[in-house]
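Q: What follows is work23.txt, compact mmCIF, C-alpha atoms and all ligand atoms.
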```txt
# COMPACT_ATOMS: atom_id res chain seq x y z
CA MET A 38 0.00 0.00 0.00
CA LEU A 39 2.74 2.45 0.93
CA ASN A 40 4.38 1.70 -2.39
CA ARG A 41 1.15 2.32 -4.18
CA LEU A 42 0.71 5.56 -2.28
CA SER A 43 4.20 6.81 -2.97
CA SER A 44 3.96 6.09 -6.68
CA SER A 45 0.72 8.05 -6.73
CA ILE A 46 2.47 10.90 -4.93
CA LYS A 47 5.07 10.92 -7.70
CA ASN A 48 2.29 11.04 -10.29
CA ASN A 49 0.69 13.91 -8.47
CA LEU A 50 3.97 15.76 -8.45
CA LYS A 51 4.30 15.22 -12.18
CA LEU A 52 0.81 16.61 -12.65
CA GLY A 53 1.82 19.55 -10.47
CA LYS A 54 4.79 20.33 -12.72
CA MET A 55 2.71 20.08 -15.85
CA SER A 56 0.16 22.47 -14.48
CA LEU A 57 2.76 25.02 -13.40
CA HIS A 58 3.87 25.01 -16.99
CA THR A 59 0.37 25.86 -18.26
CA VAL A 60 0.06 28.70 -15.79
CA THR A 61 3.33 30.26 -17.02
CA LYS A 62 2.15 30.03 -20.62
CA ASP A 63 -1.09 31.80 -19.72
CA SER A 64 0.63 34.68 -18.02
CA THR A 65 2.73 35.54 -21.08
CA SER A 66 -0.34 35.69 -23.35
CA ASN A 67 -2.45 38.73 -24.18
CA LEU A 68 -5.38 37.70 -22.03
CA SER A 69 -6.53 40.36 -19.54
CA LYS A 70 -5.58 39.66 -15.97
CA LEU A 71 -7.93 40.00 -13.06
CA ASP A 72 -7.64 43.71 -12.23
CA SER A 73 -9.20 45.15 -9.07
CA SER A 74 -8.75 48.74 -10.33
CA LYS A 75 -11.46 48.07 -12.93
CA LEU A 76 -14.02 47.27 -10.22
CA GLN A 77 -17.51 48.71 -10.83
CA ILE A 78 -20.02 49.02 -8.03
CA THR A 79 -23.83 49.06 -8.25
CA LYS A 80 -25.31 49.50 -4.80
CA ILE A 81 -28.55 47.96 -3.56
CA LYS A 82 -31.44 50.47 -3.14
CA THR A 83 -32.60 49.45 0.33
CA PRO A 84 -29.85 47.93 2.48
CA LYS A 85 -30.84 45.05 4.79
CA GLN A 86 -31.09 45.46 8.53
CA PRO A 87 -28.72 43.15 10.41
CA LEU A 88 -30.34 40.15 12.12
CA PRO A 89 -29.88 39.89 15.88
CA ASN A 90 -26.73 37.84 16.58
CA ASP A 91 -28.68 34.93 18.08
CA GLN A 92 -30.64 34.42 14.85
CA LEU A 93 -27.61 33.90 12.59
CA LYS A 94 -27.57 30.40 11.11
CA PHE A 95 -24.46 29.23 9.26
CA GLY A 96 -24.75 30.04 5.55
CA GLN A 97 -28.49 30.79 5.66
CA THR A 98 -28.54 34.56 5.24
CA PHE A 99 -26.39 36.59 2.91
CA THR A 100 -25.33 40.22 2.72
CA ASP A 101 -26.64 42.81 0.25
CA HIS A 102 -24.03 42.40 -2.48
CA ILE A 103 -22.27 39.85 -4.66
CA LEU A 104 -18.88 40.22 -6.37
CA LYS A 105 -18.80 38.84 -9.91
CA ILE A 106 -15.99 38.48 -12.43
CA GLN A 107 -16.59 36.92 -15.85
CA TRP A 108 -13.84 35.19 -17.79
CA ASN A 109 -13.60 33.97 -21.34
CA SER A 110 -10.86 32.22 -23.22
CA GLU A 111 -10.44 34.97 -25.82
CA LYS A 112 -10.32 38.04 -23.61
CA GLY A 113 -9.34 36.69 -20.22
CA TRP A 114 -10.79 38.28 -17.08
CA GLY A 115 -13.47 40.94 -17.46
CA SER A 116 -14.03 43.93 -15.16
CA PRO A 117 -14.98 42.90 -11.63
CA SER A 118 -18.39 44.14 -10.54
CA ILE A 119 -20.19 44.35 -7.23
CA GLU A 120 -23.96 44.15 -7.64
CA PRO A 121 -27.04 43.61 -5.50
CA TYR A 122 -27.19 39.97 -4.32
CA GLY A 123 -29.53 37.89 -6.46
CA PRO A 124 -30.05 34.85 -8.71
CA ILE A 125 -27.67 34.01 -11.55
CA SER A 126 -29.09 33.05 -14.94
CA LEU A 127 -27.29 30.37 -16.95
CA ASP A 128 -27.99 28.21 -19.99
CA PRO A 129 -29.34 24.81 -18.84
CA SER A 130 -26.58 23.13 -20.87
CA ALA A 131 -23.82 25.04 -19.01
CA CYS A 132 -20.95 22.71 -18.15
CA VAL A 133 -21.18 23.43 -14.40
CA PHE A 134 -24.54 21.61 -14.31
CA HIS A 135 -23.40 18.50 -16.17
CA TYR A 136 -19.74 17.90 -15.51
CA SER A 137 -19.16 19.66 -12.18
CA PHE A 138 -16.89 22.45 -13.33
CA GLU A 139 -17.15 24.01 -9.89
CA LEU A 140 -14.86 24.81 -7.00
CA PHE A 141 -15.10 26.96 -3.92
CA GLU A 142 -13.29 28.39 -0.94
CA GLY A 143 -14.31 29.16 2.62
CA LEU A 144 -12.73 31.84 4.80
CA LYS A 145 -13.87 34.41 7.31
CA ALA A 146 -13.63 38.13 8.03
CA TYR A 147 -13.53 39.20 11.69
CA ARG A 148 -14.28 42.56 13.32
CA ASP A 149 -11.55 43.35 15.87
CA SER A 150 -11.79 45.47 19.01
CA LYS A 151 -10.67 48.57 17.03
CA ASP A 152 -13.37 48.08 14.38
CA GLN A 153 -10.89 46.91 11.79
CA ILE A 154 -11.94 44.06 9.54
CA ARG A 155 -9.43 41.23 9.28
CA ILE A 156 -9.22 38.09 7.16
CA PHE A 157 -7.22 35.08 8.35
CA ARG A 158 -4.43 34.03 5.93
CA PRO A 159 -6.44 34.78 2.74
CA ASN A 160 -3.38 34.17 0.57
CA LYS A 161 -3.52 30.48 1.54
CA ASN A 162 -7.15 30.26 0.38
CA MET A 163 -6.37 32.06 -2.87
CA GLU A 164 -3.42 29.77 -3.52
CA ARG A 165 -5.62 26.73 -2.91
CA MET A 166 -8.40 28.16 -5.10
CA ASN A 167 -5.92 28.56 -7.95
CA LYS A 168 -4.75 24.96 -7.53
CA SER A 169 -8.36 23.74 -7.61
CA ALA A 170 -9.05 25.87 -10.71
CA ASP A 171 -5.97 24.61 -12.51
CA ARG A 172 -6.93 20.97 -11.85
CA ILE A 173 -10.30 21.31 -13.60
CA VAL A 174 -9.03 23.64 -16.36
CA LEU A 175 -10.84 26.71 -15.08
CA PRO A 176 -8.90 30.00 -15.23
CA THR A 177 -6.39 31.02 -12.56
CA PHE A 178 -5.96 34.57 -11.28
CA GLU A 179 -3.75 36.90 -9.25
CA SER A 180 -4.54 36.25 -5.61
CA ASP A 181 -3.91 39.83 -4.41
CA GLU A 182 -6.30 41.27 -6.97
CA LEU A 183 -9.16 39.04 -5.83
CA ILE A 184 -8.41 39.85 -2.17
CA LYS A 185 -8.66 43.59 -3.03
CA CYS A 186 -12.05 43.07 -4.69
CA ILE A 187 -13.26 41.02 -1.71
CA ALA A 188 -12.15 43.84 0.63
CA GLU A 189 -14.41 46.26 -1.31
CA LEU A 190 -17.32 43.83 -1.06
CA ILE A 191 -16.81 43.56 2.71
CA LYS A 192 -16.60 47.35 3.13
CA LEU A 193 -19.84 47.85 1.25
CA ASP A 194 -21.71 45.40 3.51
CA LYS A 195 -19.93 46.41 6.70
CA HIS A 196 -23.22 47.12 8.52
CA LEU A 197 -23.96 43.38 8.29
CA ILE A 198 -20.69 42.14 9.83
CA PRO A 199 -21.60 40.97 13.33
CA LYS A 200 -19.66 42.24 16.33
CA ASP A 201 -18.63 40.11 19.33
CA LYS A 202 -16.28 37.20 19.88
CA GLY A 203 -17.10 34.12 17.90
CA TYR A 204 -19.05 36.08 15.27
CA SER A 205 -17.73 36.70 11.78
CA LEU A 206 -18.55 37.11 8.12
CA TYR A 207 -18.15 33.84 6.21
CA LEU A 208 -16.78 34.42 2.68
CA ARG A 209 -17.59 31.98 -0.11
CA PRO A 210 -15.56 32.53 -3.29
CA THR A 211 -16.88 30.25 -6.05
CA LEU A 212 -15.70 29.55 -9.59
CA ILE A 213 -17.88 27.82 -12.20
CA GLY A 214 -17.57 26.90 -15.87
CA THR A 215 -20.49 28.52 -17.72
CA THR A 216 -19.92 27.40 -21.31
CA ALA A 217 -23.17 26.26 -22.93
CA GLY A 218 -23.17 22.89 -24.72
CA LEU A 219 -22.90 19.23 -23.77
CA GLY A 220 -19.43 18.47 -25.15
CA VAL A 221 -16.98 17.43 -22.41
CA GLY A 222 -14.01 19.74 -22.78
CA THR A 223 -12.21 22.84 -21.57
CA PRO A 224 -14.68 25.55 -20.54
CA THR A 225 -14.32 28.70 -22.66
CA ASP A 226 -16.39 30.81 -20.23
CA ALA A 227 -16.32 31.01 -16.48
CA LEU A 228 -17.78 33.05 -13.65
CA LEU A 229 -15.99 33.79 -10.40
CA TYR A 230 -18.28 35.11 -7.70
CA VAL A 231 -18.09 35.79 -3.99
CA ILE A 232 -21.03 35.80 -1.58
CA THR A 233 -20.79 36.50 2.13
CA SER A 234 -22.83 35.30 5.10
CA PRO A 235 -22.86 36.71 8.65
CA VAL A 236 -22.26 33.79 11.03
CA GLY A 237 -22.20 33.06 14.73
CA PRO A 238 -19.96 30.71 16.68
CA TYR A 239 -20.14 27.12 15.43
CA TYR A 240 -20.89 26.03 18.97
CA SER A 241 -23.31 28.64 20.28
CA THR A 242 -23.35 27.16 23.79
CA GLY A 243 -19.62 26.37 24.03
CA PHE A 244 -17.87 23.28 22.66
CA LYS A 245 -19.89 20.16 22.07
CA ALA A 246 -17.82 17.01 21.57
CA VAL A 247 -19.04 14.73 18.75
CA LYS A 248 -19.39 11.00 18.16
CA LEU A 249 -17.89 9.71 14.91
CA GLU A 250 -18.44 6.58 12.92
CA ALA A 251 -15.28 5.23 11.31
CA THR A 252 -16.32 4.65 7.69
CA ASP A 253 -14.57 2.01 5.63
CA TYR A 254 -17.33 0.95 3.20
CA ALA A 255 -17.02 4.28 1.32
CA VAL A 256 -13.91 6.40 0.61
CA ARG A 257 -13.80 10.19 0.45
CA ALA A 258 -10.64 10.46 -1.66
CA TRP A 259 -7.96 8.23 -3.18
CA PRO A 260 -4.37 8.46 -4.46
CA GLY A 261 -4.25 10.26 -7.79
CA GLY A 262 -7.74 11.67 -7.21
CA VAL A 263 -8.81 15.19 -6.32
CA GLY A 264 -9.46 14.93 -2.58
CA ASP A 265 -6.89 17.66 -1.96
CA LYS A 266 -8.88 20.17 -4.06
CA LYS A 267 -12.00 22.04 -2.93
CA LEU A 268 -14.11 20.84 -5.86
CA GLY A 269 -17.88 20.71 -5.40
CA ALA A 270 -17.82 17.20 -6.89
CA ASN A 271 -16.06 15.92 -3.74
CA TYR A 272 -18.94 16.80 -1.40
CA ALA A 273 -22.25 15.47 -2.74
CA PRO A 274 -21.13 11.81 -2.45
CA CYS A 275 -20.30 12.29 1.26
CA ILE A 276 -23.87 12.91 2.43
CA LYS A 277 -25.20 9.36 2.11
CA PRO A 278 -22.50 7.84 4.35
CA GLN A 279 -23.19 10.69 6.76
CA LEU A 280 -26.88 9.80 6.87
CA GLU A 281 -25.96 6.18 7.52
CA ALA A 282 -23.73 7.20 10.40
CA ALA A 283 -26.52 9.45 11.70
CA SER A 284 -29.01 6.56 11.58
CA ARG A 285 -26.74 4.74 14.05
CA GLY A 286 -26.41 7.78 16.32
CA TYR A 287 -23.12 9.30 15.10
CA GLN A 288 -22.80 12.95 14.04
CA GLN A 289 -20.03 12.57 11.46
CA ASN A 290 -17.93 10.12 9.47
CA LEU A 291 -14.31 9.45 10.27
CA TRP A 292 -13.00 8.71 6.78
CA LEU A 293 -10.64 5.73 6.55
CA PHE A 294 -8.52 4.73 3.58
CA GLY A 295 -7.16 1.45 2.29
CA GLU A 296 -6.67 -2.02 3.78
CA GLU A 297 -4.61 -0.45 6.55
CA LYS A 298 -7.63 1.72 7.43
CA TYR A 299 -5.61 4.89 7.69
CA ILE A 300 -7.40 7.83 9.26
CA THR A 301 -7.70 10.69 6.78
CA GLU A 302 -10.34 13.33 7.64
CA VAL A 303 -13.54 13.80 9.61
CA GLY A 304 -16.66 15.01 7.75
CA THR A 305 -15.32 18.06 5.90
CA MET A 306 -12.55 18.77 8.38
CA ASN A 307 -8.96 17.67 8.90
CA VAL A 308 -8.39 15.59 12.01
CA PHE A 309 -5.77 15.48 14.78
CA PHE A 310 -5.12 12.90 17.52
CA VAL A 311 -3.04 13.25 20.69
CA PHE A 312 -1.25 10.17 22.03
CA LYS A 313 0.87 9.79 25.16
CA ASP A 314 3.52 7.09 25.45
CA SER A 315 2.92 5.47 28.82
CA LYS A 316 6.61 4.52 29.21
CA THR A 317 8.35 7.79 28.25
CA GLY A 318 5.47 10.17 29.01
CA LYS A 319 6.12 11.88 25.67
CA LYS A 320 3.06 13.19 23.84
CA GLU A 321 2.45 13.15 20.09
CA LEU A 322 0.15 15.40 18.08
CA VAL A 323 -0.53 13.54 14.86
CA THR A 324 -2.39 14.24 11.62
CA ALA A 325 -2.36 12.58 8.20
CA PRO A 326 0.31 13.70 5.69
CA LEU A 327 -0.57 15.77 2.59
CA ASP A 328 -0.31 12.92 0.06
CA GLY A 329 -2.99 14.17 -2.33
CA THR A 330 -5.91 12.55 -0.49
CA ILE A 331 -6.11 15.17 2.28
CA LEU A 332 -7.55 18.67 1.86
CA GLU A 333 -4.77 21.13 2.65
CA GLY A 334 -6.60 22.93 5.43
CA VAL A 335 -5.46 26.42 6.35
CA THR A 336 -6.50 25.64 9.93
CA ARG A 337 -4.51 22.36 9.81
CA ASP A 338 -1.43 24.22 8.61
CA SER A 339 -1.85 26.93 11.26
CA ILE A 340 -2.24 24.37 14.07
CA LEU A 341 0.88 22.48 12.97
CA GLU A 342 2.95 25.67 12.79
CA LEU A 343 1.78 27.00 16.17
CA ALA A 344 2.16 23.60 17.84
CA ARG A 345 5.74 23.26 16.55
CA GLU A 346 6.49 26.74 17.86
CA ARG A 347 4.62 26.67 21.17
CA LEU A 348 4.64 23.12 22.54
CA ASP A 349 7.74 22.12 24.53
CA PRO A 350 9.82 19.81 22.29
CA ASN A 351 10.98 17.89 25.39
CA GLU A 352 7.38 16.84 25.94
CA TRP A 353 5.89 16.80 22.45
CA VAL A 354 6.43 15.37 18.98
CA ILE A 355 4.40 16.90 16.14
CA SER A 356 3.85 14.36 13.34
CA GLU A 357 2.38 14.35 9.87
CA ARG A 358 2.31 10.60 9.27
CA TYR A 359 0.09 7.66 8.38
CA TYR A 360 -1.80 6.23 11.35
CA SER A 361 -4.72 3.82 11.34
CA ILE A 362 -7.91 3.28 13.27
CA TYR A 363 -6.24 0.08 14.60
CA GLU A 364 -3.43 2.18 16.10
CA VAL A 365 -5.99 4.47 17.75
CA GLU A 366 -7.92 1.44 19.04
CA GLU A 367 -4.75 -0.09 20.48
CA LYS A 368 -3.57 3.17 22.07
CA ALA A 369 -7.04 3.72 23.57
CA SER A 370 -6.93 0.24 25.15
CA LYS A 371 -3.56 1.07 26.77
CA GLY A 372 -4.77 4.46 28.04
CA GLU A 373 -2.46 6.22 25.57
CA LEU A 374 -5.17 8.07 23.62
CA ILE A 375 -5.42 11.55 25.14
CA GLU A 376 -7.69 13.58 22.86
CA ALA A 377 -8.86 14.09 19.27
CA PHE A 378 -10.33 16.99 17.33
CA GLY A 379 -11.35 18.04 13.83
CA SER A 380 -10.06 21.32 12.33
CA GLY A 381 -11.52 23.71 9.77
CA THR A 382 -12.53 27.33 9.16
CA ALA A 383 -16.16 26.95 10.26
CA ALA A 384 -15.47 25.69 13.81
CA VAL A 385 -11.65 26.14 14.08
CA VAL A 386 -11.58 22.95 16.21
CA SER A 387 -14.27 20.39 16.92
CA PRO A 388 -13.66 18.04 19.86
CA ILE A 389 -14.30 14.28 19.46
CA LYS A 390 -15.56 12.09 22.30
CA GLU A 391 -16.24 8.70 20.75
CA ILE A 392 -15.48 6.70 17.60
CA GLY A 393 -17.63 3.78 16.52
CA PHE A 394 -15.70 1.14 14.56
CA HIS A 395 -16.99 -2.32 13.56
CA GLY A 396 -19.64 -2.35 16.26
CA LYS A 397 -17.32 -1.21 19.09
CA ASP A 398 -17.00 2.29 20.52
CA ILE A 399 -13.59 3.80 21.19
CA GLN A 400 -13.84 6.38 23.97
CA VAL A 401 -11.80 9.56 23.56
CA PRO A 402 -11.01 11.29 26.87
CA LEU A 403 -12.25 14.83 27.61
CA LEU A 404 -11.21 17.07 30.49
CA GLU A 405 -13.18 16.31 33.67
CA GLY A 406 -16.69 17.73 33.32
CA GLU A 407 -15.87 19.43 30.01
CA GLN A 408 -16.61 18.92 26.31
CA PHE A 409 -13.00 19.28 25.13
CA GLY A 410 -9.43 18.20 25.81
CA GLN A 411 -6.63 20.52 26.98
CA LEU A 412 -4.83 20.92 23.66
CA THR A 413 -8.12 21.32 21.76
CA ARG A 414 -8.95 24.32 23.91
CA ASP A 415 -5.43 25.78 23.77
CA VAL A 416 -5.35 25.54 19.97
CA ALA A 417 -8.80 27.19 19.72
CA ASP A 418 -7.52 30.08 21.89
CA TRP A 419 -4.26 30.51 19.97
CA ILE A 420 -6.07 30.79 16.66
CA ALA A 421 -9.00 32.95 17.83
CA LYS A 422 -6.56 35.49 19.33
CA ILE A 423 -4.80 35.86 15.99
CA GLN A 424 -8.06 35.91 13.98
CA TYR A 425 -9.56 38.70 16.10
CA GLY A 426 -6.31 40.68 16.15
CA ASP A 427 -5.79 40.35 19.91
CA GLU A 428 -2.39 38.97 19.04
CA GLU A 429 -0.30 39.75 15.95
CA TYR A 430 1.35 36.70 14.42
CA LYS A 431 3.36 37.16 11.21
CA ASP A 432 0.97 38.40 8.50
CA TRP A 433 -1.74 35.86 9.31
CA SER A 434 -4.39 38.35 10.28
CA TYR A 435 -4.75 40.58 7.30
CA VAL A 436 -6.49 43.95 7.81
CA VAL A 437 -8.72 44.65 4.78
CA ALA A 438 -10.73 47.59 6.06
CA ASP A 439 -10.71 50.11 8.89
CA LEU A 440 -14.30 50.91 9.77
CA SER A 441 -13.31 53.28 12.59
CA GLU A 442 -12.30 55.82 9.90
CA ASN A 443 -15.84 56.40 8.62
C1 LIG A 501 -12.36 22.99 3.65
C2 LIG A 501 -12.01 21.63 4.14
C3 LIG A 501 -11.14 21.42 5.23
C4 LIG A 501 -10.65 22.53 6.12
O1 LIG A 501 -9.91 23.50 5.47
P1 LIG A 501 -9.71 24.92 6.17
O2 LIG A 501 -8.89 25.67 5.19
O3 LIG A 501 -9.00 24.68 7.45
O4 LIG A 501 -11.08 25.50 6.37
C5 LIG A 501 -10.78 20.12 5.55
N1 LIG A 501 -11.25 19.07 4.84
C6 LIG A 501 -12.11 19.23 3.81
C7 LIG A 501 -12.58 18.03 3.07
C8 LIG A 501 -12.50 20.51 3.43
O5 LIG A 501 -13.36 20.67 2.42
```
Would you mind writing the file out in structure tokens?
A:
Amino acid sequence: MLNRLSSSIKNNLKLGKMSLHTVTKDSTSNLSKLDSSKLQITKIKTPKQPLPNDQLKFGQTFTDHILKIQWNSEKGWGSPSIEPYGPISLDPSACVFHYSFELFEGLKAYRDSKDQIRIFRPNKNMERMNKSADRIVLPTFESDELIKCIAELIKLDKHLIPKDKGYSLYLRPTLIGTTAGLGVGTPTDALLYVITSPVGPYYSTGFKAVKLEATDYAVRAWPGGVGDKKLGANYAPCIKPQLEAASRGYQQNLWLFGEEKYITEVGTMNVFFVFKDSKTGKKELVTAPLDGTILEGVTRDSILELARERLDPNEWVISERYYSIYEVEEKASKGELIEAFGSGTAAVVSPIKEIGFHGKDIQVPLLEGEQFGQLTRDVADWIAKIQYGDEEYKDWSYVVADLSEN
């Protein structure tokens, strides 16, 4: 299996090189680049009133405006425009509807204590969006230019960005192929759009640890596939296994891969486990390696970097390695499983309390009387402080607008 995996990694790398090549060719052509200075704004006539914070449901209400940028293969990127939020009209034969030429991103804007609006590591999302686009032959773009357009969209709808800790504006950049016709080929037209949704904390009443079902009868992603890209096509097939898990009382799937039953991700989040060697007392924070089957989470990357910097190396090892449900089962039986959590933009971290596997339940410890483990809570704090600008860390929290000025 490892051999099979590593040969697929090599193939992926080859594909990576090929695609870099295409990108370079594009940039030397005469096609217009995405240019934020060409942005045109049409404002809505009657702006919405913000909902009370306690009525915000994730991704259910949207702000007043949408950012749209058309692309076609002859001219390149058109002028970005911000318009009143509303339906999009497309030909029923458009390739997005038939062959899933669609990808998306998810990131958040936060209002800090000085009324500045910040986005967390948007360059990472833009980089990932370009990789997803390249993989399904949709157009790539200059990350900074899209971030500038998004900043204008946020400023225009600033009255709808909720205040308070835990609240934020969820940003959903989306790219679709819009070419009409049923031939399967390279889209000649595309639409990039961004919608935004005011959201509350994922856990409105504090953390709630979840029960997972380890799923081995269905796979989320495979070597040489596209599990590391945020393509819409990756998500629809995950709902049925989730319903099956739910019918047995579990909230999410823990996705396993291969005969070894390696742990890959949980639901639509990356996943981390903490083990403690009972002989040496040394702890290990472990997550699956980026081998092409794992979504390259910005939260995952941030947790790994902060853990490597902040956890005492005499006590901790931070690993990106293969580990299986059997290893977790064995460690749990020896009292060496300490905690486990999912990671992603929506919740930052999501504590895990139990894993059902082949009819048995593996218990994951939580702190006495709490719904989380120690490291889960520490990691949540580290990241929230940076996101809300209470702590500056490198250029991770990126100020896009200063609302105190107007
Ligand atoms: C988006 C996503 C994640 C988390 O990525 P973040 O950048 O941390 O939000 C993890 N796994 C899957 C399958 C995802 O779609």
Q: Find the residues of chain A that sit at most 9 Å from ligand LIG 501 (chain A); for each, write down the nearest two atoms and how far apart they are in Å, to one decimal. Count all atoms listed in the file. Sort by chain, then by number going up, and give it as a tab-separated table.
A:
```
residue	atom	partner	partner_atom	distance
A:Phe141	CA	A:LIG501	C1	9.0
A:Glu142	CA	A:LIG501	C1	7.1
A:Gly143	CA	A:LIG501	O4	6.2
A:Leu144	CA	A:LIG501	O4	6.7
A:Lys161	CA	A:LIG501	O2	8.1
A:Asn162	CA	A:LIG501	O2	6.9
A:Arg165	CA	A:LIG501	O2	8.8
A:Arg257	CA	A:LIG501	C7	8.4
A:Gly264	CA	A:LIG501	C7	7.2
A:Asp265	CA	A:LIG501	C7	7.6
A:Lys266	CA	A:LIG501	O5	7.9
A:Lys267	CA	A:LIG501	O5	5.7
A:Leu268	CA	A:LIG501	O5	8.3
A:Asn271	CA	A:LIG501	C7	7.9
A:Tyr272	CA	A:LIG501	O5	7.8
A:Glu302	CA	A:LIG501	N1	6.5
A:Val303	CA	A:LIG501	N1	7.5
A:Gly304	CA	A:LIG501	C7	6.9
A:Thr305	CA	A:LIG501	C7	3.9
A:Met306	CA	A:LIG501	C5	3.6
A:Asn307	CA	A:LIG501	C5	4.5
A:Val308	CA	A:LIG501	C5	8.2
A:Ile331	CA	A:LIG501	N1	6.9
A:Leu332	CA	A:LIG501	N1	4.8
A:Glu333	CA	A:LIG501	O1	6.3
A:Gly334	CA	A:LIG501	O1	3.4
A:Val335	CA	A:LIG501	O2	3.7
A:Thr336	CA	A:LIG501	O3	3.6
A:Arg337	CA	A:LIG501	O3	5.6
A:Asp338	CA	A:LIG501	O3	7.7
A:Ser339	CA	A:LIG501	O3	8.4
A:Gly379	CA	A:LIG501	C5	8.6
A:Ser380	CA	A:LIG501	O3	6.0
A:Gly381	CA	A:LIG501	O3	3.6
A:Thr382	CA	A:LIG501	O4	3.6
A:Ala383	CA	A:LIG501	O4	6.6
A:Ala384	CA	A:LIG501	O4	8.6
A:Val385	CA	A:LIG501	O3	7.3
```
Q: List as an mmCIF file with C-alpha atoms, keeping the file's coordinate frame the protein and nucleic acid residues near Ala270 of chain A, meaning an atom at most 9 Å away when only C-alpha atoms are counted, but skip any in the same chain fewer than 2 places from it.
A:
```
data_model
loop_
_atom_site.group_PDB
_atom_site.id
_atom_site.type_symbol
_atom_site.label_atom_id
_atom_site.label_comp_id
_atom_site.auth_asym_id
_atom_site.auth_seq_id
_atom_site.Cartn_x
_atom_site.Cartn_y
_atom_site.Cartn_z
ATOM 1 C CA TYR A 136 -19.740 17.900 -15.510
ATOM 2 C CA SER A 137 -19.160 19.660 -12.180
ATOM 3 C CA PHE A 138 -16.890 22.450 -13.330
ATOM 4 C CA GLU A 139 -17.150 24.010 -9.890
ATOM 5 C CA LEU A 140 -14.860 24.810 -7.000
ATOM 6 C CA LYS A 267 -12.000 22.040 -2.930
ATOM 7 C CA LEU A 268 -14.110 20.840 -5.860
ATOM 8 C CA TYR A 272 -18.940 16.800 -1.400
ATOM 9 C CA ALA A 273 -22.250 15.470 -2.740
ATOM 10 C CA PRO A 274 -21.130 11.810 -2.450
#
```
Q: Please measure the separation of atom CA of Pro235 of chain A and atom CA of Ser205 of chain A, giving the value in Å to one decimal.
A: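 Separation of atom CA of Pro235 of chain A and atom CA of Ser205 of chain A: 6.0 Å.
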Q: Here is a test: counting all atoms listed in the file, which residue of A:Val247, A:Thr215, A:Asp415, A:Ser234 is nearest to Lys390 of chain A?
A: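 Of A:Val247, A:Thr215, A:Asp415, A:Ser234, the one nearest Lys390 of chain A is A:Val247, counting all atoms listed in the file.
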Q: Just checking: using all atoms listed in the file, which residue out of A:Gln107, A:Ser126, A:Gln289, A:Thr330 ends up closest to Gly262 of chain A?
A: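 Answer, going by the shortest atom-to-atom distance: A:Thr330.
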Q: Taking into account all atoms listed in the file, which residue in the set A:Leu76, A:Ala325, A:Ile423, A:Leu212 is nearest to Glu357 of chain A?
A: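 Distance minimum relative to Glu357 of chain A lands on A:Ala325.
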Q: Can you list, as a PyMOL selection string, every protein, DNA or RNA residue that comes within 9 Å of Phe310 of chain A when you count only C-alpha atoms, leaving out same-chain residues fewer than 4 positions away?
A: chain A and resi 321-324+365+374-379
Q: Using only C-alpha atoms, give me every residue within 7 Å of (-12.8, 0.2, 6.4) in file coordinates, as a PyMOL selection string.
A: chain A and resi 252-254+293-294+298
Q: Quick one, how far is atom CA of Val174 of chain A from atom CA of Cys186 of chain A?
A: 22.9 Å
Q: Within 9 Å of Gln400 of chain A, counting all atoms listed in the file, which residues show up once you throw out same-chain ones fewer than 2 positions away? Write them as JSON, numbers by chain, please.
A: {"A": [369, 374, 390, 391, 392, 393, 398, 402]}
Q: Could you give me, as a PyMOL selection string, the residues that have an atom at most 10 Å away from the point (-21.8, 38.8, 15.2) in the coordinates of the file, using all atoms listed in the file?
A: chain A and resi 87-93+147-148+197-206+235-238
Q: Would you write out those residues with C-alpha atoms, as a tab-separated table (two decimals), in the frame of the given file?
A:
```tsv
chain	number	residue	atom	x	y	z
A	87	PRO	CA	-28.72	43.15	10.41
A	88	LEU	CA	-30.34	40.15	12.12
A	89	PRO	CA	-29.88	39.89	15.88
A	90	ASN	CA	-26.73	37.84	16.58
A	91	ASP	CA	-28.68	34.93	18.08
A	92	GLN	CA	-30.64	34.42	14.85
A	93	LEU	CA	-27.61	33.90	12.59
A	147	TYR	CA	-13.53	39.20	11.69
A	148	ARG	CA	-14.28	42.56	13.32
A	197	LEU	CA	-23.96	43.38	8.29
A	198	ILE	CA	-20.69	42.14	9.83
A	199	PRO	CA	-21.60	40.97	13.33
A	200	LYS	CA	-19.66	42.24	16.33
A	201	ASP	CA	-18.63	40.11	19.33
A	202	LYS	CA	-16.28	37.20	19.88
A	203	GLY	CA	-17.10	34.12	17.90
A	204	TYR	CA	-19.05	36.08	15.27
A	205	SER	CA	-17.73	36.70	11.78
A	206	LEU	CA	-18.55	37.11	8.12
A	235	PRO	CA	-22.86	36.71	8.65
A	236	VAL	CA	-22.26	33.79	11.03
A	237	GLY	CA	-22.20	33.06	14.73
A	238	PRO	CA	-19.96	30.71	16.68
```
